[in-house]
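Working notes, beginning with the structure itself.
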Amino acid sequence: MASTTTSTPRNPLLTLSYLTIISLWIGAQIVPIPYVVNLMVLVTAILYAACHGSLALREEQALARGEKPPKEDKKERDKDADDGDNEEDEDERPQYETLKAQDAMQFPLLGSASLFGLYLAFKYFDKDTVNLIISVYFCLVGCAALTTTFGPLVETVGPKSWGSTWFSKHVSVPHPFPESIGGPNPWDLGIDCNIADILAFLGSVGFVAVYFQTKHWTMNNVLGIAFCLQGIERFSLGTYKIGAILLVGLFFYDIFWVFGTDVMVTVAKSLDGPIKILFPRTLTPDPTTNKLEMSLLGLGDIVIPGFFLALLLRFDAHIANVPYFPTNVHASFPKPYFHSAMVGYVIGLATTLFVMIWFEAAQPALLYLVPACLGSSLLCATVRGELKELFAYSEEEEEEGKEGEKDEAKTEQKDSKDKKDD
């Protein structure tokens with residue numbers, strides 16, 4: 001859950017979204033909730049909360065570009081200007097990565113390879129062994145997601161010292177790999193956490209340990225929701241065009257693997273892990289299997305459109321000139337693109353459920369969600385006369401050419417300084 005750093009009024013819809021997520025998770029265990037209503041409301045609340053949490057990315061992007069908070073010590077900035085050498089500051093800028101166009105085009109292919117690999121694993125190997133390996137992986141990743149999600153909450157409800165007492169440890173580890181594979185050499189491995197993070201981590205370890213033993217559907221949903229929130233809050237598509245490329249590619253990916261083969265449905269039913277959110281159709285177990293009848297929605301049908309909706313919300317903040325510093329996820333500003341795409345998503349999801357129930361067959365949700373999200377955002381831009389601005393908006397880092405010019409200017413500045421010293 002993202003936190004706000006200002007005293008401005010809270011966004012009531014954002015607060016309501018978190019309360020809705022918690023209420024539906026608890027209520028679905030106590031009273032029978034029509035699964036269509038449960039699914040529609042829960043997914044809408046998850047998307048609203050996660051997209052607003054992603055507004056924190058705007059501050060990270062600004063820091064990566066070299067911008068500094070307005071409250072930073074003016075004397076220190078003046079000193080850097082007098083020195084004429086900000087190379088060290090630029091080296092310390094946070095690294096910020098976005099999806100590239102080439103990655104977006106390759107994503108459906110990589111996804112297909114992974115999906116088919118899982119299908120073959122379930123077909124030719126012991127199903128329980130495959131699920132055991134996958135469960136271990138998801139428990140490790142889930143522990144990190146839960147810690148990040150609930151850490152701010154623990155910090156908020158606990159004593160002030162839980163958030164102010166920090167622990168830090170960093171280690172440099174050389175590696176033999178080329179930079180294209182292993183990244184910068186050496187690896188900088190480190191951890192920075194406070195008491196609230198440690199407590200959240202310990203609670204997360206206990207949670208995933210119980211989940212690993214029971215695989216209860218309610219615990220599955222907690223992990224699934226945490227994956228959705230953290231994924232959407234922390235990932236940027238970069239530009240509208242890259243987002244469109246990704247959505248269109250996955251549009252055909254989803255259609256092929258659902259309608260063209262039994263691969264998608266087989267993997268979804270066989271994989272016993274938090275890759276989906278489960279919705280009970282009834283609270284009475286089947287007498288033969290002693291299990292509840294469930295409907296499911298894959299996390300990809302939430303997260304992939306969620307990336308796109310979050311980008312549109314940050315574009316709304318951009319055109320409304322919302323300040324980068326400090327981050328305030330409760331900031332009030334016009335959100336025409338986000339709201340139009342959100343409405344489009346809800347209509348697309350409702351259409352998916354209607355067709356699925358009418359034909360009594362699994363449906364590729366992206367078949368309906370992609371046109372809804374792309375169409376609604378393009379329609380909004382057309383009506384507002386902002387198509388050019390929408391396609392020009394970018395959260396990517398500066399291109400290499402611009403960085404080269406900057407490096408050259410920096411070198412000239414340094415040479416000039418050296419001559420003065422001589």
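A note on labels: chains of the structure tokens are A, B, ... as shown, every chain counts residues from 1, and ligands are counted from 1 in their shown order.
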Run DSSP on the backbone of this structure and report the residues of segment 34-188 of chain A it assigns to alpha helix (DSSP H), as an MDAnalysis selection string.
chainID A and resid 35:53 56:64 74:83 87:91 101:124 127:157 161:164 179:182
Quick one: everything within 10 Å of Ile319 of chain A, counting only C-alpha atoms, minus sequence neighbours fewer than 3 positions away in the same chain. Send it as an mmCIF file with N, CA and C atoms, in the first residue's frame.
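Writing the result to part.cif gives the following:
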```cif
data_model
loop_
_atom_site.group_PDB
_atom_site.id
_atom_site.type_symbol
_atom_site.label_atom_id
_atom_site.label_comp_id
_atom_site.auth_asym_id
_atom_site.auth_seq_id
_atom_site.Cartn_x
_atom_site.Cartn_y
_atom_site.Cartn_z
ATOM 1 N N ARG A 314 -0.981 8.401 -14.827
ATOM 2 C CA ARG A 314 0.200 9.269 -14.720
ATOM 3 C C ARG A 314 0.218 10.308 -15.838
ATOM 4 N N PHE A 315 -0.346 9.965 -17.000
ATOM 5 C CA PHE A 315 -0.478 10.960 -18.062
ATOM 6 C C PHE A 315 -1.465 12.049 -17.643
ATOM 7 N N ASP A 316 -2.551 11.653 -16.988
ATOM 8 C CA ASP A 316 -3.487 12.647 -16.450
ATOM 9 C C ASP A 316 -2.765 13.598 -15.496
ATOM 10 N N VAL A 322 0.657 18.124 -12.076
ATOM 11 C CA VAL A 322 0.767 17.717 -10.672
ATOM 12 C C VAL A 322 2.251 17.656 -10.315
ATOM 13 N N PHE A 333 -6.888 15.755 -8.956
ATOM 14 C CA PHE A 333 -6.675 16.385 -10.259
ATOM 15 C C PHE A 333 -7.594 15.704 -11.271
ATOM 16 N N PRO A 334 -7.872 16.354 -12.404
ATOM 17 C CA PRO A 334 -8.749 15.739 -13.413
ATOM 18 C C PRO A 334 -8.117 14.447 -13.949
ATOM 19 N N LYS A 335 -8.942 13.412 -14.120
ATOM 20 C CA LYS A 335 -8.444 12.111 -14.573
ATOM 21 C C LYS A 335 -9.289 11.567 -15.733
ATOM 22 N N GLU A 386 -6.241 15.747 -27.954
ATOM 23 C CA GLU A 386 -4.915 15.572 -27.369
ATOM 24 C C GLU A 386 -4.226 14.294 -27.853
ATOM 25 N N GLU A 389 -0.427 14.763 -27.908
ATOM 26 C CA GLU A 389 0.168 14.754 -26.569
ATOM 27 C C GLU A 389 0.197 13.339 -25.985
ATOM 28 N N LEU A 390 -0.854 12.574 -26.236
ATOM 29 C CA LEU A 390 -0.920 11.210 -25.707
ATOM 30 C C LEU A 390 0.184 10.340 -26.303
ATOM 31 N N TYR A 393 3.765 11.414 -25.035
ATOM 32 C CA TYR A 393 4.090 11.241 -23.608
ATOM 33 C C TYR A 393 5.029 10.061 -23.422
#
```
Could you give me, as CSV, a per-residue list for segment 336-376 of chain A showing, wherever an atom lies at most 12 Å from an atom of segment 302-310 of chain A, the closest pair of atoms and their distance in Å to one decimal, using only C-alpha atoms and sorting by chain then residue number from low to high?
```
residue,atom,partner,partner_atom,distance
A:Pro336,CA,A:Leu309,CA,11.4
A:Tyr337,CA,A:Leu309,CA,8.3
A:Phe338,CA,A:Leu309,CA,6.0
A:His339,CA,A:Leu309,CA,8.8
A:Ser340,CA,A:Leu309,CA,9.5
A:Ala341,CA,A:Leu309,CA,6.5
A:Met342,CA,A:Leu309,CA,7.0
A:Val343,CA,A:Leu309,CA,10.6
A:Gly344,CA,A:Leu309,CA,10.3
A:Tyr345,CA,A:Pro305,CA,7.9
A:Val346,CA,A:Ile302,CA,11.0
A:Gly348,CA,A:Pro305,CA,10.9
A:Leu349,CA,A:Ile302,CA,9.9
A:Ala365,CA,A:Ile302,CA,9.6
A:Leu366,CA,A:Pro305,CA,8.5
A:Leu367,CA,A:Pro305,CA,11.8
A:Tyr368,CA,A:Pro305,CA,11.1
A:Leu369,CA,A:Pro305,CA,7.4
A:Val370,CA,A:Pro305,CA,7.4
A:Pro371,CA,A:Pro305,CA,10.7
A:Ala372,CA,A:Pro305,CA,10.0
A:Cys373,CA,A:Pro305,CA,7.4
A:Leu374,CA,A:Phe308,CA,8.9
A:Ser376,CA,A:Leu309,CA,10.9
```
Using only C-alpha atoms, I'd like a table of the residues in segment 89-173 of chain A that come within 10 Å of segment 272-279 of chain A; for each, show the closest atom pair and its distance in Å rounded to one decimal, ordered by chain and ascending number, as a Markdown table.
```
| residue | atom | partner | partner_atom | distance |
| --- | --- | --- | --- | --- |
| A:Lys127 | CA | A:Asp272 | CA | 9.6 |
| A:Asp128 | CA | A:Asp272 | CA | 9.1 |
| A:Val130 | CA | A:Asp272 | CA | 9.4 |
| A:Asn131 | CA | A:Asp272 | CA | 6.0 |
| A:Leu132 | CA | A:Asp272 | CA | 8.7 |
| A:Ile134 | CA | A:Gly273 | CA | 7.3 |
| A:Ser135 | CA | A:Gly273 | CA | 6.1 |
| A:Val136 | CA | A:Gly273 | CA | 9.6 |
| A:Tyr137 | CA | A:Gly273 | CA | 9.7 |
| A:Phe138 | CA | A:Gly273 | CA | 7.1 |
| A:Cys139 | CA | A:Gly273 | CA | 9.1 |
| A:Gly142 | CA | A:Pro274 | CA | 8.8 |
```
Looking only at the backbone, which of the residues in segment 175-387 of chain A does DSSP tag as strand (DSSP E), as a PyMOL selection string?
chain A and resi 187-194+276-280+294-298
Produce a file of the selected residues containing N, CA, C and O atoms, as a PDB file, in the first residue's frame.
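Result file is part.pdb:
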```
ATOM      1  N   TRP A 187      28.159  -6.877  -8.536  1.00  0.00           N
ATOM      2  CA  TRP A 187      26.779  -6.734  -8.081  1.00  0.00           C
ATOM      3  C   TRP A 187      26.776  -6.004  -6.742  1.00  0.00           C
ATOM      4  O   TRP A 187      27.574  -6.287  -5.859  1.00  0.00           O
ATOM      5  N   ASP A 188      25.876  -5.063  -6.614  1.00  0.00           N
ATOM      6  CA  ASP A 188      25.705  -4.351  -5.345  1.00  0.00           C
ATOM      7  C   ASP A 188      24.500  -4.960  -4.637  1.00  0.00           C
ATOM      8  O   ASP A 188      23.357  -4.648  -4.937  1.00  0.00           O
ATOM      9  N   LEU A 189      24.765  -5.879  -3.729  1.00  0.00           N
ATOM     10  CA  LEU A 189      23.706  -6.552  -2.990  1.00  0.00           C
ATOM     11  C   LEU A 189      23.542  -5.874  -1.636  1.00  0.00           C
ATOM     12  O   LEU A 189      24.509  -5.701  -0.895  1.00  0.00           O
ATOM     13  N   GLY A 190      22.347  -5.469  -1.337  1.00  0.00           N
ATOM     14  CA  GLY A 190      22.156  -4.772  -0.076  1.00  0.00           C
ATOM     15  C   GLY A 190      20.715  -4.788   0.385  1.00  0.00           C
ATOM     16  O   GLY A 190      19.810  -5.188  -0.357  1.00  0.00           O
ATOM     17  N   ILE A 191      20.523  -4.361   1.597  1.00  0.00           N
ATOM     18  CA  ILE A 191      19.179  -4.280   2.160  1.00  0.00           C
ATOM     19  C   ILE A 191      19.096  -3.033   3.020  1.00  0.00           C
ATOM     20  O   ILE A 191      20.024  -2.704   3.766  1.00  0.00           O
ATOM     21  N   ASP A 192      18.003  -2.297   2.867  1.00  0.00           N
ATOM     22  CA  ASP A 192      17.704  -1.134   3.691  1.00  0.00           C
ATOM     23  C   ASP A 192      16.294  -1.324   4.229  1.00  0.00           C
ATOM     24  O   ASP A 192      15.340  -1.393   3.440  1.00  0.00           O
ATOM     25  N   CYS A 193      16.146  -1.418   5.510  1.00  0.00           N
ATOM     26  CA  CYS A 193      14.824  -1.675   6.075  1.00  0.00           C
ATOM     27  C   CYS A 193      14.719  -1.038   7.452  1.00  0.00           C
ATOM     28  O   CYS A 193      15.721  -0.737   8.109  1.00  0.00           O
ATOM     29  N   ASN A 194      13.481  -0.833   7.891  1.00  0.00           N
ATOM     30  CA  ASN A 194      13.229  -0.351   9.245  1.00  0.00           C
ATOM     31  C   ASN A 194      12.549  -1.453  10.047  1.00  0.00           C
ATOM     32  O   ASN A 194      12.329  -2.570   9.550  1.00  0.00           O
ATOM     33  N   LYS A 276      -3.900 -16.753  -9.995  1.00  0.00           N
ATOM     34  CA  LYS A 276      -5.295 -16.444 -10.280  1.00  0.00           C
ATOM     35  C   LYS A 276      -5.981 -16.060  -8.974  1.00  0.00           C
ATOM     36  O   LYS A 276      -5.499 -16.392  -7.883  1.00  0.00           O
ATOM     37  N   ILE A 277      -7.074 -15.329  -9.086  1.00  0.00           N
ATOM     38  CA  ILE A 277      -7.900 -15.020  -7.927  1.00  0.00           C
ATOM     39  C   ILE A 277      -9.142 -15.900  -8.019  1.00  0.00           C
ATOM     40  O   ILE A 277      -9.770 -16.005  -9.081  1.00  0.00           O
ATOM     41  N   LEU A 278      -9.485 -16.535  -6.904  1.00  0.00           N
ATOM     42  CA  LEU A 278     -10.576 -17.506  -6.875  1.00  0.00           C
ATOM     43  C   LEU A 278     -11.821 -16.881  -6.257  1.00  0.00           C
ATOM     44  O   LEU A 278     -11.741 -16.139  -5.265  1.00  0.00           O
ATOM     45  N   PHE A 279     -12.975 -17.222  -6.837  1.00  0.00           N
ATOM     46  CA  PHE A 279     -14.255 -16.697  -6.358  1.00  0.00           C
ATOM     47  C   PHE A 279     -15.203 -17.871  -6.132  1.00  0.00           C
ATOM     48  O   PHE A 279     -15.579 -18.560  -7.084  1.00  0.00           O
ATOM     49  N   PRO A 280     -15.585 -18.122  -4.868  1.00  0.00           N
ATOM     50  CA  PRO A 280     -16.464 -19.266  -4.598  1.00  0.00           C
ATOM     51  C   PRO A 280     -17.871 -19.054  -5.147  1.00  0.00           C
ATOM     52  O   PRO A 280     -18.461 -17.989  -4.956  1.00  0.00           O
ATOM     53  N   MET A 294     -15.408 -23.254  -7.652  1.00  0.00           N
ATOM     54  CA  MET A 294     -14.765 -21.943  -7.802  1.00  0.00           C
ATOM     55  C   MET A 294     -14.828 -21.444  -9.242  1.00  0.00           C
ATOM     56  O   MET A 294     -14.782 -22.229 -10.188  1.00  0.00           O
ATOM     57  N   SER A 295     -14.908 -20.128  -9.374  1.00  0.00           N
ATOM     58  CA  SER A 295     -14.616 -19.460 -10.640  1.00  0.00           C
ATOM     59  C   SER A 295     -13.282 -18.748 -10.448  1.00  0.00           C
ATOM     60  O   SER A 295     -12.884 -18.448  -9.312  1.00  0.00           O
ATOM     61  N   LEU A 296     -12.589 -18.478 -11.540  1.00  0.00           N
ATOM     62  CA  LEU A 296     -11.269 -17.851 -11.404  1.00  0.00           C
ATOM     63  C   LEU A 296     -11.051 -16.783 -12.459  1.00  0.00           C
ATOM     64  O   LEU A 296     -11.683 -16.777 -13.506  1.00  0.00           O
ATOM     65  N   LEU A 297     -10.138 -15.884 -12.132  1.00  0.00           N
ATOM     66  CA  LEU A 297      -9.681 -14.864 -13.074  1.00  0.00           C
ATOM     67  C   LEU A 297      -8.167 -14.805 -12.963  1.00  0.00           C
ATOM     68  O   LEU A 297      -7.621 -14.602 -11.870  1.00  0.00           O
ATOM     69  N   GLY A 298      -7.470 -15.011 -14.094  1.00  0.00           N
ATOM     70  CA  GLY A 298      -6.014 -14.983 -14.087  1.00  0.00           C
ATOM     71  C   GLY A 298      -5.483 -13.604 -13.744  1.00  0.00           C
ATOM     72  O   GLY A 298      -6.075 -12.585 -14.116  1.00  0.00           O
TER      73      GLY A 298
END
```
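When atom CA of Ala350 of chain A is paired with atom CA of Gln230 of chain A, their separation reads 24.7 Å.
Taking atom CA of Thr382 of chain A as the reference point, atom CA of Thr44 of chain A is found at 25.1 Å.
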Between atom CA of Ser332 of chain A and atom CA of Tyr48 of chain A, what is the spacing in Å?
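Pair atom CA of Tyr48 of chain A / atom CA of Ser332 of chain A returns 14.1 Å.
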Which residues come within 6 Å of Pro364 of chain A, counting only C-alpha atoms, excluding same-chain residues fewer than 5 positions away, as a PDB file with N, CA, C and O atoms, in the first residue's frame?
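Below is the file that was written, result24.pdb:
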```
ATOM      1  N   ASP A 254      -3.754 -14.369 -26.252  1.00  0.00           N
ATOM      2  CA  ASP A 254      -4.850 -14.920 -25.457  1.00  0.00           C
ATOM      3  C   ASP A 254      -5.847 -15.679 -26.321  1.00  0.00           C
ATOM      4  O   ASP A 254      -6.320 -16.764 -25.956  1.00  0.00           O
ATOM      5  N   ILE A 255      -6.167 -15.118 -27.491  1.00  0.00           N
ATOM      6  CA  ILE A 255      -7.128 -15.773 -28.387  1.00  0.00           C
ATOM      7  C   ILE A 255      -6.603 -17.126 -28.849  1.00  0.00           C
ATOM      8  O   ILE A 255      -7.319 -18.138 -28.822  1.00  0.00           O
ATOM      9  N   VAL A 258      -6.402 -19.843 -25.923  1.00  0.00           N
ATOM     10  CA  VAL A 258      -7.688 -20.251 -25.346  1.00  0.00           C
ATOM     11  C   VAL A 258      -8.568 -20.936 -26.386  1.00  0.00           C
ATOM     12  O   VAL A 258      -9.116 -22.017 -26.143  1.00  0.00           O
TER      13      VAL A 258
END
```
